[in-house]
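Structure file target-v2.pdb (PDB, C-alpha atoms, pLDDT in the B column) is printed below.
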```pdb
ATOM      1  CA  MET A 946    -125.072-129.954 -10.997  1.00 53.00           C
ATOM      2  CA  PRO A 947    -128.203-130.514 -13.074  1.00 50.00           C
ATOM      3  CA  ALA A 948    -130.179-127.512 -14.257  1.00 59.00           C
ATOM      4  CA  PHE A 949    -133.623-127.097 -12.775  1.00 59.00           C
ATOM      5  CA  GLY A 950    -136.254-128.507 -15.096  1.00 54.00           C
ATOM      6  CA  ASP A 951    -133.990-131.136 -16.688  1.00 54.00           C
ATOM      7  CA  THR A 952    -135.806-134.129 -18.133  1.00 65.00           C
ATOM      8  CA  LYS A 953    -133.665-136.659 -16.285  1.00 84.00           C
ATOM      9  CA  MET A 954    -134.469-137.862 -12.792  1.00 90.00           C
ATOM     10  CA  ASN A 955    -132.907-135.942  -9.930  1.00 93.00           C
ATOM     11  CA  ALA A 956    -133.450-135.613  -6.202  1.00 96.00           C
ATOM     12  CA  THR A 957    -132.530-133.412  -3.272  1.00 96.00           C
ATOM     13  CA  VAL A 958    -131.196-135.593  -0.474  1.00 97.00           C
ATOM     14  CA  GLU A 959    -129.932-134.774   3.010  1.00 97.00           C
ATOM     15  CA  ILE A 960    -126.579-136.357   3.886  1.00 96.00           C
ATOM     16  CA  SER A 961    -124.889-135.558   7.211  1.00 95.00           C
ATOM     17  CA  GLY A 962    -127.062-132.489   7.751  1.00 96.00           C
ATOM     18  CA  LYS A 963    -126.379-130.936   4.335  1.00 97.00           C
ATOM     19  CA  GLN A 964    -128.593-130.981   1.249  1.00 97.00           C
ATOM     20  CA  TYR A 965    -127.340-132.116  -2.159  1.00 97.00           C
ATOM     21  CA  THR A 966    -129.178-132.118  -5.492  1.00 96.00           C
ATOM     22  CA  VAL A 967    -128.099-135.268  -7.317  1.00 96.00           C
ATOM     23  CA  SER A 968    -128.964-137.346 -10.362  1.00 94.00           C
ATOM     24  CA  VAL A 969    -127.920-140.837 -11.413  1.00 94.00           C
ATOM     25  CA  GLY A 970    -124.212-140.991 -12.278  1.00 94.00           C
ATOM     26  CA  ASP A 971    -123.208-137.889 -10.311  1.00 96.00           C
ATOM     27  CA  ARG A 972    -120.206-137.868  -7.996  1.00 97.00           C
ATOM     28  CA  VAL A 973    -120.668-136.015  -4.721  1.00 97.00           C
ATOM     29  CA  LYS A 974    -118.072-135.118  -2.086  1.00 97.00           C
ATOM     30  CA  VAL A 975    -119.725-135.319   1.364  1.00 97.00           C
ATOM     31  CA  ALA A 976    -118.549-135.317   4.970  1.00 97.00           C
ATOM     32  CA  LEU A 977    -116.813-138.505   6.105  1.00 97.00           C
ATOM     33  CA  GLN A 978    -119.137-141.525   6.223  1.00 96.00           C
ATOM     34  CA  PRO A 979    -118.340-144.590   8.353  1.00 95.00           C
ATOM     35  CA  SER A 980    -117.776-147.055   5.496  1.00 95.00           C
ATOM     36  CA  ALA A 981    -115.047-148.578   3.345  1.00 96.00           C
ATOM     37  CA  VAL A 982    -114.264-148.018  -0.328  1.00 96.00           C
ATOM     38  CA  GLY A 983    -116.619-150.102  -2.467  1.00 96.00           C
ATOM     39  CA  ASP A 984    -119.431-150.200   0.115  1.00 97.00           C
ATOM     40  CA  LYS A 985    -123.019-149.436  -0.884  1.00 97.00           C
ATOM     41  CA  LEU A 986    -124.839-146.755   1.113  1.00 97.00           C
ATOM     42  CA  SER A 987    -128.503-145.815   1.049  1.00 97.00           C
ATOM     43  CA  PHE A 988    -129.902-142.453   2.148  1.00 96.00           C
ATOM     44  CA  ASP A 989    -133.626-142.197   2.825  1.00 95.00           C
ATOM     45  CA  LYS A 990    -133.959-138.497   3.672  1.00 96.00           C
ATOM     46  CA  VAL A 991    -135.132-137.487   0.196  1.00 96.00           C
ATOM     47  CA  LEU A 992    -136.684-134.015   0.363  1.00 96.00           C
ATOM     48  CA  PHE A 993    -137.570-133.469  -3.296  1.00 96.00           C
ATOM     49  CA  ALA A 994    -137.495-135.596  -6.429  1.00 95.00           C
ATOM     50  CA  THR A 995    -138.507-135.321 -10.051  1.00 92.00           C
ATOM     51  CA  ASP A 996    -138.662-137.980 -12.731  1.00 87.00           C
ATOM     52  CA  GLY A 997    -138.750-135.505 -15.627  1.00 83.00           C
ATOM     53  CA  GLU A 998    -142.544-135.284 -15.733  1.00 87.00           C
ATOM     54  CA  LYS A 999    -143.817-135.261 -12.167  1.00 91.00           C
ATOM     55  CA  TYR A1000    -142.512-133.504  -9.066  1.00 92.00           C
ATOM     56  CA  HIS A1001    -142.527-135.237  -5.678  1.00 93.00           C
ATOM     57  CA  ILE A1002    -142.288-132.913  -2.680  1.00 93.00           C
ATOM     58  CA  GLY A1003    -141.711-134.291   0.814  1.00 93.00           C
ATOM     59  CA  LYS A1004    -143.426-133.153   3.980  1.00 93.00           C
ATOM     60  CA  PRO A1005    -140.568-132.957   5.098  1.00 93.00           C
ATOM     61  CA  ILE A1006    -139.313-136.182   3.439  1.00 94.00           C
ATOM     62  CA  ILE A1007    -140.749-138.453   0.756  1.00 94.00           C
ATOM     63  CA  LYS A1008    -141.816-141.712   2.390  1.00 93.00           C
ATOM     64  CA  GLY A1009    -140.328-144.800   0.764  1.00 93.00           C
ATOM     65  CA  ALA A1010    -137.892-142.850  -1.405  1.00 95.00           C
ATOM     66  CA  SER A1011    -134.147-143.444  -1.197  1.00 95.00           C
ATOM     67  CA  VAL A1012    -130.896-142.680  -2.969  1.00 96.00           C
ATOM     68  CA  GLU A1013    -128.466-145.574  -3.358  1.00 97.00           C
ATOM     69  CA  THR A1014    -124.770-144.769  -3.646  1.00 97.00           C
ATOM     70  CA  SER A1015    -121.408-146.490  -3.743  1.00 97.00           C
ATOM     71  CA  VAL A1016    -118.265-145.233  -2.002  1.00 97.00           C
ATOM     72  CA  LEU A1017    -115.503-144.382  -4.479  1.00 97.00           C
ATOM     73  CA  GLU A1018    -112.922-142.784  -2.223  1.00 96.00           C
ATOM     74  CA  GLN A1019    -112.153-141.743   1.361  1.00 97.00           C
ATOM     75  CA  GLY A1020    -109.756-138.864   1.745  1.00 97.00           C
ATOM     76  CA  ARG A1021    -108.788-135.506   3.158  1.00 97.00           C
ATOM     77  CA  ASP A1022    -109.527-132.212   1.463  1.00 97.00           C
ATOM     78  CA  ARG A1023    -106.986-129.467   0.849  1.00 97.00           C
ATOM     79  CA  LYS A1024    -105.736-127.468   3.822  1.00 97.00           C
ATOM     80  CA  ILE A1025    -107.670-124.376   4.795  1.00 97.00           C
ATOM     81  CA  LEU A1026    -105.642-121.710   6.605  1.00 98.00           C
ATOM     82  CA  ILE A1027    -107.120-119.642   9.417  1.00 97.00           C
ATOM     83  CA  TYR A1028    -105.175-116.472  10.195  1.00 98.00           C
ATOM     84  CA  LYS A1029    -106.144-114.119  13.011  1.00 98.00           C
ATOM     85  CA  LYS A1030    -104.503-110.790  13.676  1.00 98.00           C
ATOM     86  CA  LYS A1031    -105.200-107.728  15.811  1.00 97.00           C
ATOM     87  CA  ARG A1032    -103.297-104.753  14.556  1.00 97.00           C
ATOM     88  CA  ARG A1033    -100.868-102.879  16.811  1.00 97.00           C
ATOM     89  CA  LYS A1034    -101.254-105.498  19.580  1.00 97.00           C
ATOM     90  CA  GLY A1035     -98.713-108.082  18.498  1.00 97.00           C
ATOM     91  CA  TYR A1036    -101.450-110.730  18.318  1.00 98.00           C
ATOM     92  CA  GLN A1037    -101.128-113.200  15.433  1.00 97.00           C
ATOM     93  CA  ARG A1038    -102.431-116.769  15.206  1.00 98.00           C
ATOM     94  CA  LYS A1039    -102.145-119.130  12.260  1.00 97.00           C
ATOM     95  CA  ASN A1040    -104.031-122.399  12.216  1.00 98.00           C
ATOM     96  CA  GLY A1041    -104.820-125.012   9.568  1.00 97.00           C
ATOM     97  CA  HIS A1042    -107.573-127.538   9.042  1.00 97.00           C
ATOM     98  CA  ARG A1043    -108.114-130.467   6.654  1.00 97.00           C
ATOM     99  CA  GLN A1044    -111.636-131.859   6.389  1.00 96.00           C
ATOM    100  CA  ASP A1045    -112.161-135.619   5.924  1.00 97.00           C
ATOM    101  CA  TYR A1046    -114.499-136.509   3.055  1.00 98.00           C
ATOM    102  CA  THR A1047    -116.156-139.410   1.260  1.00 98.00           C
ATOM    103  CA  LEU A1048    -116.628-139.383  -2.511  1.00 98.00           C
ATOM    104  CA  LEU A1049    -119.939-141.006  -3.454  1.00 98.00           C
ATOM    105  CA  GLN A1050    -121.278-142.101  -6.839  1.00 97.00           C
ATOM    106  CA  ILE A1051    -125.068-142.000  -7.213  1.00 97.00           C
ATOM    107  CA  ASP A1052    -126.218-145.409  -8.473  1.00 96.00           C
ATOM    108  CA  LYS A1053    -129.998-145.292  -8.217  1.00 95.00           C
ATOM    109  CA  ILE A1054    -132.816-142.980  -7.141  1.00 95.00           C
ATOM    110  CA  LYS A1055    -135.863-144.905  -5.934  1.00 94.00           C
ATOM    111  CA  LEU A1056    -139.225-143.272  -5.353  1.00 90.00           C
ATOM    112  CA  SER A1057    -141.949-144.837  -3.237  1.00 75.00           C
ATOM    113  CA  ALA A1058    -143.539-147.740  -5.078  1.00 57.00           C
ATOM    114  CA  ALA A1059    -146.681-147.906  -2.944  1.00 49.00           C
ATOM    115  CA  LYS A1060    -149.481-145.731  -4.312  1.00 53.00           C
ATOM    116  CA  LYS A1061    -152.153-144.354  -2.029  1.00 53.00           C
ATOM    117  CA  THR A1062    -155.661-145.562  -2.794  1.00 52.00           C
ATOM    118  CA  ASN A1063    -158.736-143.571  -2.027  1.00 60.00           C
ATOM    119  CA  LYS A1064    -160.771-145.172   0.781  1.00 61.00           C
ATOM    120  CA  LYS A1065    -164.065-144.390  -0.953  1.00 62.00           C
ATOM    121  CA  LYS A1066    -162.960-146.120  -4.160  1.00 61.00           C
ATOM    122  CA  GLN A1067    -161.702-149.082  -2.168  1.00 63.00           C
ATOM    123  CA  ALA A1068    -165.038-149.342  -0.336  1.00 64.00           C
ATOM    124  CA  GLU A1069    -166.958-149.167  -3.634  1.00 66.00           C
ATOM    125  CA  GLU A1070    -164.821-151.946  -5.123  1.00 66.00           C
ATOM    126  CA  THR A1071    -165.433-154.226  -2.159  1.00 67.00           C
ATOM    127  CA  ALA A1072    -169.179-153.443  -2.329  1.00 68.00           C
ATOM    128  CA  LYS A1073    -169.255-154.379  -6.032  1.00 66.00           C
ATOM    129  CA  GLU A1074    -167.538-157.694  -5.340  1.00 66.00           C
ATOM    130  CA  ASP A1075    -170.197-158.653  -2.754  1.00 59.00           C
TER     131      ASP A1075
END
```

Output the file's structure as structure tokens, nothing else.
Amino acid sequence: MPAFGDTKMNATVEISGKQYTVSVGDRVKVALQPSAVGDKLSFDKVLFATDGEKYHIGKPIIKGASVETSVLEQGRDRKILIYKKKRRKGYQRKNGHRQDYTLLQIDKIKLSAAKKTNKKKQAEETAKED
């Protein structure tokens, strides 16, 4: 995970209800996504991004920003054991669970290309042209 204040571009993106801080080239293990190995996925819920110089903070998301990824692997995580016991009652339950996951590689982080223009400046420019 990149350190805060790194000079390279990174972003905080929401994938399947969880937030991940990623940068280009990172590999992220997320909850199972409905796609095949080799597919390209794009996530547009970018909450925060930095390009090394400027910080972009969403309200709650950054409009026009997206994170493009490629699917490297679909699999199942290691087994997690759940063991319940109540002492002196003879109650014992053992259960297991394996979570499905998708391994993603971050290919590109795109910020919004459209810049906001001030309406006053725009009005002045049109007045000068007339």

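Take atom CA of A:His1042 and atom CA of A:Gln978: the distance between them is 18.4 Å.
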
Mind telling me what the PyMOL selection byres ((chain A and resi 972) around 10) catches here, as a list in words?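 So the PyMOL selection byres ((chain A and resi 972) around 10) ends up selecting Met946, Val967, Ser968, Val969, Gly970, Asp971, Val973, Lys974, Val975, Thr1014, Ser1015, Val1016, Leu1017, Leu1048, Leu1049, Gln1050, Ile1051 and Asp1052 of chain A.
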
One number please: atom CA of A:Ala976 to atom CA of A:Arg1043, in Å, one decimal.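 Taking atom CA of A:Ala976 and atom CA of A:Arg1043, their separation equals 11.6 Å.
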
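Taking atom CA of A:Lys1004 and atom CA of A:Val958 as endpoints, the distance between them is 13.2 Å.
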
Just want the 7 Å neighbourhood of stretch 1008-1010 of chain A, counted on only C-alpha atoms, with same-chain residues fewer than 6 positions away dropped. Output as a PyMOL selection string. chain A and resi 989+991+1055-1057

Generate the output file for the selected residues, C-alpha atoms, as a PDB file, in the frame of the given file.
```
ATOM      1  CA  ASP A 989    -133.626-142.197   2.825  1.00 95.00           C
ATOM      2  CA  VAL A 991    -135.132-137.487   0.196  1.00 96.00           C
ATOM      3  CA  LYS A1055    -135.863-144.905  -5.934  1.00 94.00           C
ATOM      4  CA  LEU A1056    -139.225-143.272  -5.353  1.00 90.00           C
ATOM      5  CA  SER A1057    -141.949-144.837  -3.237  1.00 75.00           C
TER       6      SER A1057
END
```

Name the residues that the PyMOL selection byres ((chain A and resi 954) around 7) picks from the file above, as number ranges by chain, using the file's chain letters and numbers. A: 952-953, 955, 968, 995-997

Selection near A:Arg1023, 12 Å with all atoms listed in the file, sequence-local residues under 3 positions removed, as a list in words: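 The residues that qualify are Gly1020, Leu1026, Gly1041, His1042, Arg1043, Gln1044, Asp1045 and Tyr1046 of chain A.
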
Close residues, A:Pro979 itself excluded, 10 Å, all atoms listed in the file, min 4 positions apart in chain, as a list in words: Leu986, Gln1019 and Thr1047 of chain A

Starting from the displayed file, determine the output of the PyMOL selection byres ((chain A and resi 966) around 6) and express the residue list as JSON, numbers by chain. {"A": [956, 957, 965, 967]}

File dump, residues just selected, C-alpha atoms, as a compact mmCIF listing (two decimals), keeping the file's coordinate frame:
```txt
# COMPACT_ATOMS: atom_id res chain seq x y z
CA ALA A 956 -133.45 -135.61 -6.20
CA THR A 957 -132.53 -133.41 -3.27
CA TYR A 965 -127.34 -132.12 -2.16
CA VAL A 967 -128.10 -135.27 -7.32
```
